[in-house]
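Here's the structure we're looking at; comments come further down.
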Amino acid sequence: MHTVQRVGALDVIVKPSPVAMVWNEPGRPHDAIAAPGVRLSPGEALVEVELATICESDVRMVRGERQVTTPLVLGHEQVGRVVAIGEGAVRSDGVPLELGDRVVWSVTVSCGECDRCLRGLPQRCRSLAKYGHERVHRGWELSGGFATHVQLRAGTEVVRVSEEVPSRVLAPASCATATAVAALDAASARVDLASTGVLVTGAGLVGLTAAAMAIEAGAQVIVSDPDAARRAFARGFGALTADPAARPPSPERLATALAALEARDVPEVLVAVETTGIPQSVHTAVGALGVGGVALLVGNVPPGSEVCLDPASLTRRLVTISAVHDYTGAQLRRAVAFLERSWRNVPFDELVGATHPLAEVDDAIAEAATGEFVRVGVAPGRRPV
């Protein structure tokens, strides 16, 4: 149990001291650092982390597959409780933050004033900072979710969440869930999802969430993934499924699922949400679209990857290809609202496997890297067993 003492207008002392797990380089275990004093500038807040979940991007960084500046505190999917508030700190909806608020927050910190922010693209702000991605420096040591506390900076979208919803459901809201909202928003700008055929390639958390949201909106959805357990989860909330590795005469082929759509009076796929980042999967998603369809590229394709597309086919089919990266504050609020109304019907908590104490974050990341679970948890308040 942590206690918080304000020793000045901006300075906060937490006992015992907040601890963050710092990552330095591939192959080296995390180091624990303590941050006994926190200085909250106007608009900032200090949150005690209840649970963090490990995103695939965290795994890629630890493997050295993404270029980052170290040392840094990883983790950008988490839920926590406000324990100290700077002057003027507000939630995403403009309501002042209160002590004790249970919250999730955006992965991005935006200025709200640059040309990109004013164009409605705060996730690509000119002065962008990102939780779990920034080099640790004095004054912002608590900058990622793999810590007992996170210091929320001004310009962060903070959303209060229900006390009833399990932390295993809420923690990924600030990454996978909000990204799924952004993808379907981009699709809905061109296609009415109701009674529309939707193909989701990849049954990671973004893909499964986008599929569940699309079904809620009235779409007929196919989820394509090689993992049988993930396909079974998708079928549990009403999706058709396909195995991209299936070959004739297997009934798991994508062609079989497309035929099943036609049997439901849905003649073609008009939305494809590509979440894997695999070039062949991108090709499949775009190729499956009917006339006037839209492909949303959400997965992180490795830099330098190439996808061969036929421009004539795209032109004849009037296909739109759009990219999605992160999200806005309004989309994070809608992500939370979706989880709060759907978690009993779609058991997202079952997608989080083992939960490890903070000191065992290296073991947790190694477990996440196996792919056995869609997510693995890190609970700072949990004691080693």
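The chains in the structure tokens are called A, B, ... from first to last as shown; in each chain the residues are counted from 1, and the ligands are counted from 1 in the order shown.
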
Exercise. If you count only C-alpha atoms, which residues fall within 6 Å of region 176-181 of chain A, apart from same-chain ones fewer than 4 positions away, as a PyMOL selection string?
Worked result: chain A and resi 172+205-206+210+326-327+331-332+335

Take the residues that were just selected and, keeping N, CA, C and O atoms, output them as an mmCIF file, in the first residue's frame.
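In the end it all went to again_3.cif:
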```cif
data_model
loop_
_atom_site.group_PDB
_atom_site.id
_atom_site.type_symbol
_atom_site.label_atom_id
_atom_site.label_comp_id
_atom_site.auth_asym_id
_atom_site.auth_seq_id
_atom_site.Cartn_x
_atom_site.Cartn_y
_atom_site.Cartn_z
ATOM 1 N N PRO A 172 -5.824 -3.149 -21.894
ATOM 2 C CA PRO A 172 -5.463 -2.930 -23.302
ATOM 3 C C PRO A 172 -6.254 -1.840 -24.004
ATOM 4 O O PRO A 172 -6.033 -1.603 -25.200
ATOM 5 N N LEU A 205 -5.231 -9.092 -30.459
ATOM 6 C CA LEU A 205 -6.249 -8.368 -29.716
ATOM 7 C C LEU A 205 -6.905 -7.278 -30.561
ATOM 8 O O LEU A 205 -8.112 -7.046 -30.456
ATOM 9 N N VAL A 206 -6.143 -6.598 -31.421
ATOM 10 C CA VAL A 206 -6.754 -5.597 -32.292
ATOM 11 C C VAL A 206 -7.752 -6.267 -33.233
ATOM 12 O O VAL A 206 -8.886 -5.805 -33.401
ATOM 13 N N ALA A 210 -11.709 -5.616 -33.188
ATOM 14 C CA ALA A 210 -12.357 -5.026 -34.370
ATOM 15 C C ALA A 210 -13.474 -5.920 -34.869
ATOM 16 O O ALA A 210 -14.544 -5.442 -35.276
ATOM 17 N N ASP A 326 -2.556 4.503 -34.105
ATOM 18 C CA ASP A 326 -3.025 5.140 -32.874
ATOM 19 C C ASP A 326 -4.427 5.725 -33.087
ATOM 20 O O ASP A 326 -5.148 5.266 -33.967
ATOM 21 N N TYR A 327 -4.802 6.790 -32.336
ATOM 22 C CA TYR A 327 -6.205 7.161 -32.268
ATOM 23 C C TYR A 327 -6.338 8.518 -31.600
ATOM 24 O O TYR A 327 -5.357 9.100 -31.118
ATOM 25 N N GLN A 331 -11.912 8.561 -29.651
ATOM 26 C CA GLN A 331 -11.899 7.129 -29.950
ATOM 27 C C GLN A 331 -11.526 6.308 -28.723
ATOM 28 O O GLN A 331 -12.055 5.207 -28.526
ATOM 29 N N LEU A 332 -10.662 6.836 -27.855
ATOM 30 C CA LEU A 332 -10.356 6.135 -26.607
ATOM 31 C C LEU A 332 -11.597 6.086 -25.708
ATOM 32 O O LEU A 332 -11.878 5.058 -25.079
ATOM 33 N N ALA A 335 -13.760 3.431 -27.018
ATOM 34 C CA ALA A 335 -13.180 2.112 -26.739
ATOM 35 C C ALA A 335 -13.557 1.660 -25.339
ATOM 36 O O ALA A 335 -13.949 0.508 -25.119
#
```

List every residue of region 53-166 of chain A that has an atom at most 12 Å from any atom of region 303-322 of chain A, and for each one report the closest atom pair and its distance in Å to one decimal, counting only C-alpha atoms, with rows sorted by chain and then by increasing residue number, as CSV.
```
residue,atom,partner,partner_atom,distance
A:Glu65,CA,A:Pro303,CA,10.2
A:Arg66,CA,A:Pro303,CA,9.5
A:Gln67,CA,A:Pro303,CA,10.8
```

Would you write out those residues with all heavy atoms, as a short mmCIF file (atom, residue, chain, number, x, y, z; two decimals), in the first residue's frame?
```
data_model
loop_
_atom_site.label_atom_id
_atom_site.label_comp_id
_atom_site.auth_asym_id
_atom_site.auth_seq_id
_atom_site.Cartn_x
_atom_site.Cartn_y
_atom_site.Cartn_z
N GLU A 65 13.97 -5.55 -32.45
CA GLU A 65 13.41 -5.45 -33.80
C GLU A 65 12.91 -4.05 -34.11
O GLU A 65 12.54 -3.78 -35.26
CB GLU A 65 12.26 -6.46 -33.95
CG GLU A 65 12.71 -7.91 -33.82
CD GLU A 65 11.55 -8.89 -33.79
OE1 GLU A 65 10.40 -8.43 -33.93
OE2 GLU A 65 11.81 -10.09 -33.62
N ARG A 66 12.86 -3.17 -33.12
CA ARG A 66 12.46 -1.79 -33.34
C ARG A 66 13.53 -0.87 -32.82
O ARG A 66 14.11 -1.09 -31.77
CB ARG A 66 11.12 -1.48 -32.64
CG ARG A 66 9.97 -2.29 -33.16
CD ARG A 66 8.66 -1.88 -32.51
NE ARG A 66 8.28 -0.52 -32.85
CZ ARG A 66 7.12 0.04 -32.49
NH1 ARG A 66 6.25 -0.67 -31.77
NH2 ARG A 66 6.83 1.26 -32.83
N GLN A 67 13.81 0.19 -33.58
CA GLN A 67 14.83 1.15 -33.19
C GLN A 67 14.26 2.11 -32.16
O GLN A 67 13.32 2.86 -32.44
CB GLN A 67 15.32 1.92 -34.42
CG GLN A 67 16.05 1.05 -35.44
CD GLN A 67 17.33 0.45 -34.87
OE1 GLN A 67 18.11 1.13 -34.20
NE2 GLN A 67 17.54 -0.83 -35.12
#
```

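Between CA of Pro226 (chain A) and CA of His283 (chain A) the interatomic distance comes to 16.3 Å.
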
For this session: Run DSSP on the backbone and give me the residues of region 176-358 of chain A it puts in alpha helix (DSSP H), as number ranges by chain.
Result: A: 176-188, 205-216, 228-236, 254-263, 279-287, 311-317, 329-342

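Shortest separation to Asp192 (chain A) among A:Lys130, A:Pro380, A:Leu270, A:Glu163 occurs at residue A:Leu270, atoms counted being only C-alpha atoms.
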
Problem set entry | Distance query Thr201 (chain A) at most 10 Å, only C-alpha atoms, self and fewer than 4 positions along chain excluded, as a PyMOL selection string | chain A and resi 207-208+211+222-226+241-244+272-278+281-282+284-285+299

For this session: Find the residue from A:Val22, A:Val374, A:Leu51, A:Val38 that sits nearest to Arg135 (chain A); use only C-alpha atoms when measuring.
Result: A:Val22

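Proximity of A:Asp101, A:Asp349, A:Glu56, A:Glu44 to Val165 (chain A), computed with only C-alpha atoms, is greatest for A:Asp349.
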
Exercise. Quick one: DSSP strand (DSSP E or B) residues in region 76-285 of chain A, as JSON, numbers by chain?
Worked result: {"A": [77, 78, 79, 80, 81, 82, 83, 84, 85, 90, 96, 102, 103, 104, 105, 106, 107, 108, 109, 129, 130, 135, 137, 140, 147, 149, 150, 151, 152, 156, 157, 158, 159, 160, 197, 198, 199, 200, 201, 220, 221, 222, 223, 224, 240, 241, 242, 269, 270, 271, 272, 273, 274]}

Give me, as a compact mmCIF listing (two decimals) with N, CA, C and O atoms, in the first residue's frame, all polymer residues having an atom no more than 8 Å from region 136-141 of chain A, counting only C-alpha atoms and skipping those fewer than 6 positions away in the same chain.
```txt
# COMPACT_ATOMS: atom_id res chain seq x y z
N ALA A 20 10.14 1.79 -11.14
CA ALA A 20 9.97 1.54 -12.57
C ALA A 20 11.02 0.54 -13.03
O ALA A 20 12.16 0.56 -12.55
N ALA A 35 11.85 6.22 -7.71
CA ALA A 35 11.60 7.64 -7.94
C ALA A 35 10.82 8.18 -6.74
O ALA A 35 9.59 8.33 -6.80
N VAL A 38 8.17 13.11 -6.95
CA VAL A 38 7.59 13.40 -8.27
C VAL A 38 7.14 14.85 -8.28
O VAL A 38 6.44 15.30 -7.37
N ARG A 39 7.56 15.57 -9.30
CA ARG A 39 7.12 16.96 -9.45
C ARG A 39 6.05 17.02 -10.53
O ARG A 39 6.30 16.72 -11.70
N THR A 70 17.33 4.12 -25.74
CA THR A 70 17.29 3.60 -24.37
C THR A 70 18.15 4.46 -23.45
O THR A 70 18.98 5.25 -23.92
N PRO A 71 17.98 4.30 -22.13
CA PRO A 71 17.06 3.40 -21.42
C PRO A 71 15.63 3.92 -21.45
O PRO A 71 15.40 5.13 -21.57
N LEU A 72 14.67 2.99 -21.33
CA LEU A 72 13.28 3.40 -21.29
C LEU A 72 12.46 2.45 -20.43
O LEU A 72 12.87 1.33 -20.16
N VAL A 73 11.30 2.94 -20.01
CA VAL A 73 10.34 2.13 -19.27
C VAL A 73 9.26 1.71 -20.26
O VAL A 73 8.52 2.55 -20.77
N GLN A 151 3.53 8.82 -14.33
CA GLN A 151 3.28 10.26 -14.29
C GLN A 151 2.64 10.67 -15.61
O GLN A 151 3.27 10.60 -16.66
```

Problem set entry | CA of Arg333 (chain A) to CA of Ser110 (chain A), straight-line distance in Å | 16.3 Å

Exercise. What lies within 10 Å of Phe233 (chain A) using only C-alpha atoms, ignoring chain neighbours under 4 positions off, as a VMD selection string?
Worked result: chain A and resid 203 208 228 to 229 237 to 239 241 346 to 348 350 to 351

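Closest approach to Ser41 (chain A) among A:His356, A:His325, A:Arg153, A:Arg341: A:Arg153, based on only C-alpha atoms.
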